[in-house]
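Participant: I'd like to ask some things about the structure below.
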Amino acid sequence: MTPLLEVERLEKFFDVSAGTLHAVDGVSFKINQGETLGVVGESGCGKSTLGRVVLHLLESTGGTIKFKGEDITHVNRTKLSELRRKMQIIFQDPFASLNPRMTIFQTLAEPLVIADICKGAELEEKVYKMMDTVGLARRLVNTYPHELDGGRRQRIGIGRALILEPEFIVCDEPVSALDVSIQAQVINLLLDIQRDMKLTYIFVTHDLSVAKFISTNIMVMYLGQVVEFASAKELFDHPVHPYSKALLSAIPNLDIDQESRRIPIQGEVTSPINPKRRCRFATRCRYAKETCMDSEPVLKEYSPGHFVSCLYAEELDQDKKRV
Amino acid sequence: MSDTEKILSIKDLTVHYLPPEEPACKAVNGVSFDIRKGETLGLVGETGAGKTTIALSILRLVQSPPGKILSGSIEFNGENLLEASEAHMRKIRGSEISMIFQDPMTALNPIDSVGDQIAEVVHLHSKCSRAEARIKVEEMLELVGIDKSRYKDYPHQFSGGMKQRVIIAMALACSPELLIADEPTTALDVTIQAQVLDMMNDLKKKLGSSVLLITHDLGIVAEMCDKVVVMYAGQVVEMGDKRSIFKHTSHPYTKGLFGSLPGAFPDSDRLKPIKGLMPDPAALPAGCKFADRCEFCTEQCRAREIGLTEVSEGHYVRCVLAEGGNHH
């Protein structure tokens, strides 16, 4: 089966006054139709930039993107507007991503009008149907974003992304700005529409429990690179990279009877500007050796479907088993 | 523990915001709870539940107008803060009670070095010389894990996590008896959050402070708190020690909060959220405020105001179901 999306050695470098900022640096992955790829990591690891580059909201500076087997790395405007119908995005902040001067109706109808898909009664019908799908009461059709709470606003954002019936959606922290009970409503909605419309997601989040819940595979990013890639279950049961381990152990544990087994991680993320050729996590890694400081690890298949980018992956994993 | 060890005792606090020509926004309605010496109390609830208004009331920082503390008392070491003079409050703020705000990006003055900002607190409250204040500040910076050579650096030269450390250093500089932390780690990454929480726990032990921790994250409550107060629409709906709240969750709202978490039921492929939204604090329903969203709601729930019932020692629940003694 051809993967729906196939990304190889993707790069997005920005020129900044201090040099070159490596926001996304050689990222490769595949997503099959109907799957969800969770992308996790700390602020500044390049996870949002990755989503935007895949959608051509930012142009890549290297590597290839294939959508249903077709190379879409470089496309002209006509092709791009065709792609936009198939590939959409749900933004993080439903307060900033909606036009405050447009009603729900106008926001949901705009993509249909631009794509010249329908008008008149048919347009109205489609908008109302979409409001039903995302759980917005039809009576709200003429309200403005400021009249609505965060959960409803995010439902508009989801409706806007869905109205052209895309096949692929980048969800960029879609629930981070919401309260926990509303967050759960929106996550359930995203799961329902994925099943009903056979959607494929890239789900960018900093919330690891959300990522585990919603993802088929999870990709852990650190300073523009993938440090670990595995199925959600495998990653949580058997993390190998020291960064993934520390990241998972930092999640506050709900079980009050379990001792906290936090693996402390020193310091903060270093600069992605002109990174040296070495393991980017080495300066914070408690297992780092001299070799980590002068050679760059590559992402290797550690066990079937489980990829790790660490020079000492096997050794560290053995140590853990012995203890 | 005896009553004398109560550091803070809030009784029947009611705070409304009264904008002219608009209906009153009933932010806090008859809230009572205590914090004992050395204890960490978690104040939990969603946006608009009244958590921050309570914190601001303790420090008497509720903006007035439109805010108005209508009734109740807030006793701090036996003294009612609601009757204290403004001059006295100024002495208390920052030295005996201090607060860590949610957003470290906006809580610091951008045009003053971080060292000088911490020194201002020390200087104001302990009447020491500048040189002494500087030594104290350097100690505090080291304590929160910032090299003292950064004394003269400005906020923009620090990352979010480091700024929050500066704010914690500032809040703890005078060894306050009560530290109010309003969502102290919400703006931070999970690894930095872990560092900050561990550090807060260490410092709390070292200084013996009590902590009022405002958060919406039950995982943080599990790791940090001794007692938990769950707020909904300006009322306490459930409170007790951490074990009762986590192991014998009684109020349907608290249950809903747990059900909304992706980690709570590992075997389910759907979350169990609470339906609907919190009522508008300007138009609260009569009776139980949670009735509209509650799957167990009966006619009784809307017929009258529901009081708190003690279901086991120190564990209080505001629910008709708990009144009958058959809480589940």
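Numbering starts fresh at 1 for the residues of each chain in the structure tokens, the chains themselves are lettered A, B, ... in the order given, and ligands are numbered from 1 as they appear.
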Enumerate as a ChimeraX atom specification the residues belonging to chain B that approach chain A to within 8 Å, with only C-alpha atoms taken into account.
Facilitator: /B:46-47,189-195,216,218-220,222-223,243,246,256-257,260-264,269-275,277
Participant: Excluding Asp116 (chain B) and any residue of its chain fewer than 6 positions from it, enumerate the residues within 12 Å of it, using only C-alpha atoms, and give them as number ranges by chain.
Facilitator: B: 108-110, 122-124, 130-131, 133-138, 141, 150-155, 166, 170
Participant: Which of region 68-316 of chain A counts as helix (DSSP H, G or I) under DSSP, as a ChimeraX atom specification please?
Facilitator: /A:77-86,104-114,120-133,138-142,145-147,150-162,180-197,208-214,232-237,242-249,282-284,290-294,313-316
Participant: B:Leu143, B:Ala107, B:Ile35, B:Leu284: which is nearest Leu179 (chain B), counting only C-alpha atoms?
Facilitator: B:Ile35
Participant: Region 71-177 of chain B near region 14-22 of chain B within 12 Å: what's each residue's closest atom pair and its distance in Å to one decimal, counting only C-alpha atoms, ordered by chain then ascending residue number, as a Markdown table?
Facilitator:
```
| residue | atom | partner | partner_atom | distance |
| --- | --- | --- | --- | --- |
| B:Ser71 | CA | B:Thr14 | CA | 5.3 |
| B:Gly72 | CA | B:Thr14 | CA | 6.4 |
| B:Ser73 | CA | B:Thr14 | CA | 9.2 |
| B:Ile74 | CA | B:Thr14 | CA | 10.9 |
| B:Leu82 | CA | B:Thr14 | CA | 11.8 |
```
Participant: Go through region 39-284 of chain A and collect every residue that DSSP, computed from the backbone, puts in strand (DSSP E or B); the answer should be as a compact mmCIF listing (two decimals) with C-alpha atoms, in the first residue's frame.
Facilitator:
```
# COMPACT_ATOMS: atom_id res chain seq x y z
CA VAL A 39 4.50 14.58 16.96
CA VAL A 40 5.76 15.46 20.43
CA GLY A 62 15.40 20.45 1.32
CA GLY A 63 14.05 16.93 1.12
CA THR A 64 10.89 15.57 -0.50
CA ILE A 65 7.19 15.33 0.35
CA LYS A 66 5.02 12.75 -1.41
CA PHE A 67 1.23 12.74 -1.12
CA GLU A 70 3.00 11.96 -6.01
CA ASP A 71 5.93 14.28 -5.38
CA MET A 87 -4.78 18.87 3.06
CA GLN A 88 -5.98 21.11 5.87
CA ILE A 89 -4.91 22.40 9.27
CA ILE A 90 -6.55 22.99 12.64
CA PHE A 168 -5.36 14.74 5.56
CA ILE A 169 -5.33 17.21 8.46
CA VAL A 170 -2.50 18.67 10.51
CA CYS A 171 -3.83 19.25 14.03
CA ASP A 172 -1.45 21.77 15.61
CA THR A 200 -5.39 10.88 8.35
CA TYR A 201 -3.90 13.14 11.02
CA ILE A 202 -0.60 14.60 12.01
CA PHE A 203 -1.28 15.50 15.62
CA VAL A 204 1.24 18.00 17.00
CA THR A 205 1.12 18.26 20.78
CA ASN A 217 2.62 6.10 15.88
CA ILE A 218 4.49 8.75 17.83
CA MET A 219 7.54 10.68 16.69
CA VAL A 220 9.63 12.37 19.37
CA MET A 221 11.47 15.45 18.10
CA TYR A 222 14.41 17.27 19.60
CA GLN A 225 15.43 16.03 14.44
CA VAL A 226 13.60 12.80 15.16
CA VAL A 227 15.13 11.04 18.15
CA GLU A 228 12.61 8.19 18.40
CA PHE A 229 9.72 6.81 16.35
CA ALA A 230 7.50 3.92 17.42
CA SER A 231 3.89 2.86 17.86
CA ILE A 273 21.14 28.08 15.22
```
Participant: List the neighbours of Glu167 (chain A) out to 10 Å using only C-alpha atoms; skip same-chain residues closer than 5 positions along the sequence, and give me the result as a PyMOL selection string.
Facilitator: chain A and resi 4+33-34+85-88+162+194+197-201
Participant: With a distance cut-off of 12 Å and only C-alpha atoms, select the neighbouring residues of Lys289 (chain A), excluding the residue or stretch itself and same-chain residues fewer than 3 positions from it, and output the selection as a compact mmCIF listing (two decimals) with all heavy atoms, in the first residue's frame.
Facilitator:
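Dumped everything to selection.txt:
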```
# COMPACT_ATOMS: atom_id res chain seq x y z
N ARG A 278 26.96 16.90 16.13
CA ARG A 278 27.07 15.97 17.24
C ARG A 278 25.66 15.63 17.69
O ARG A 278 24.69 16.17 17.14
CB ARG A 278 27.83 16.61 18.39
CG ARG A 278 27.11 17.80 18.97
CD ARG A 278 27.87 18.38 20.13
NE ARG A 278 27.11 19.46 20.73
CZ ARG A 278 27.65 20.39 21.49
NH1 ARG A 278 28.94 20.40 21.72
NH2 ARG A 278 26.90 21.33 22.02
N CYS A 279 25.52 14.76 18.64
CA CYS A 279 24.19 14.47 19.16
C CYS A 279 23.66 15.75 19.81
O CYS A 279 24.29 16.31 20.69
CB CYS A 279 24.24 13.34 20.18
SG CYS A 279 22.68 13.13 21.02
N PHE A 281 21.29 16.23 21.78
CA PHE A 281 20.83 16.10 23.15
C PHE A 281 22.01 15.89 24.11
O PHE A 281 21.85 15.94 25.33
CB PHE A 281 19.85 14.92 23.24
CG PHE A 281 19.23 14.74 24.59
CD1 PHE A 281 18.47 15.75 25.16
CD2 PHE A 281 19.41 13.57 25.31
CE1 PHE A 281 17.89 15.59 26.42
CE2 PHE A 281 18.84 13.41 26.57
CZ PHE A 281 18.08 14.43 27.12
N ALA A 282 23.21 15.69 23.55
CA ALA A 282 24.37 15.28 24.37
C ALA A 282 24.60 16.18 25.58
O ALA A 282 24.89 15.70 26.67
CB ALA A 282 25.62 15.21 23.51
N THR A 283 24.44 17.51 25.41
CA THR A 283 24.76 18.42 26.51
C THR A 283 23.82 18.24 27.70
O THR A 283 24.15 18.64 28.81
CB THR A 283 24.66 19.89 26.05
OG1 THR A 283 23.42 20.06 25.39
CG2 THR A 283 25.80 20.23 25.11
N ARG A 284 22.64 17.63 27.48
CA ARG A 284 21.72 17.44 28.60
C ARG A 284 21.61 15.97 29.01
O ARG A 284 20.86 15.64 29.92
CB ARG A 284 20.32 17.92 28.21
CG ARG A 284 20.23 19.40 27.94
CD ARG A 284 18.87 19.75 27.37
NE ARG A 284 17.87 19.96 28.41
CZ ARG A 284 16.56 20.09 28.15
NH1 ARG A 284 16.12 20.00 26.91
NH2 ARG A 284 15.71 20.28 29.14
N CYS A 285 22.31 15.10 28.30
CA CYS A 285 22.13 13.66 28.49
C CYS A 285 23.06 13.16 29.57
O CYS A 285 24.26 13.44 29.54
CB CYS A 285 22.42 12.95 27.17
SG CYS A 285 22.26 11.16 27.27
N ARG A 286 22.53 12.40 30.51
CA ARG A 286 23.40 11.97 31.58
C ARG A 286 24.24 10.75 31.22
O ARG A 286 25.10 10.33 31.98
CB ARG A 286 22.62 11.71 32.85
CG ARG A 286 21.49 10.71 32.71
CD ARG A 286 20.85 10.57 34.07
NE ARG A 286 19.79 9.58 34.07
CZ ARG A 286 19.39 8.98 35.16
NH1 ARG A 286 19.98 9.23 36.30
NH2 ARG A 286 18.41 8.11 35.11
N CYS A 292 29.71 11.10 21.71
CA CYS A 292 28.44 11.78 21.43
C CYS A 292 28.68 13.24 21.05
O CYS A 292 27.87 13.87 20.39
CB CYS A 292 27.53 11.74 22.65
SG CYS A 292 27.16 10.08 23.20
N MET A 293 29.82 13.78 21.52
CA MET A 293 30.12 15.19 21.30
C MET A 293 30.73 15.43 19.92
O MET A 293 30.81 16.56 19.47
CB MET A 293 31.10 15.70 22.36
CG MET A 293 30.53 15.67 23.77
SD MET A 293 29.14 16.80 23.94
CE MET A 293 28.74 16.56 25.67
N ASP A 294 31.25 14.38 19.27
CA ASP A 294 31.84 14.67 17.97
C ASP A 294 31.34 13.79 16.82
O ASP A 294 31.88 13.83 15.73
CB ASP A 294 33.37 14.67 18.03
CG ASP A 294 33.91 13.46 18.78
OD1 ASP A 294 33.40 12.34 18.54
OD2 ASP A 294 34.82 13.63 19.59
N SER A 295 30.30 13.00 17.04
CA SER A 295 29.69 12.35 15.88
C SER A 295 28.17 12.39 16.01
O SER A 295 27.63 12.33 17.12
CB SER A 295 30.18 10.91 15.75
OG SER A 295 29.96 10.22 16.95
N CYS A 310 20.36 7.16 18.63
CA CYS A 310 21.28 7.29 19.77
C CYS A 310 22.42 6.32 19.53
O CYS A 310 22.20 5.16 19.19
CB CYS A 310 20.56 6.96 21.07
SG CYS A 310 21.65 6.92 22.51
N LEU A 311 23.66 6.81 19.70
CA LEU A 311 24.83 5.95 19.45
C LEU A 311 24.86 4.75 20.40
O LEU A 311 25.38 3.70 20.07
CB LEU A 311 26.12 6.77 19.64
CG LEU A 311 26.39 7.86 18.60
CD1 LEU A 311 27.59 8.69 19.03
CD2 LEU A 311 26.63 7.24 17.23
N TYR A 312 24.29 4.92 21.58
CA TYR A 312 24.40 3.88 22.59
C TYR A 312 23.06 3.24 22.94
O TYR A 312 22.87 2.75 24.05
CB TYR A 312 25.08 4.44 23.84
CG TYR A 312 26.49 4.87 23.54
CD1 TYR A 312 26.80 6.21 23.32
CD2 TYR A 312 27.50 3.92 23.43
CE1 TYR A 312 28.09 6.60 23.00
CE2 TYR A 312 28.79 4.30 23.11
CZ TYR A 312 29.08 5.63 22.90
OH TYR A 312 30.35 6.00 22.57
```
Participant: Quick one: distance from CA of Glu183 (chain B) to CA of Met162 (chain B) in Å, one decimal?
Facilitator: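 That distance, rounded to one decimal, is 15.9 Å.
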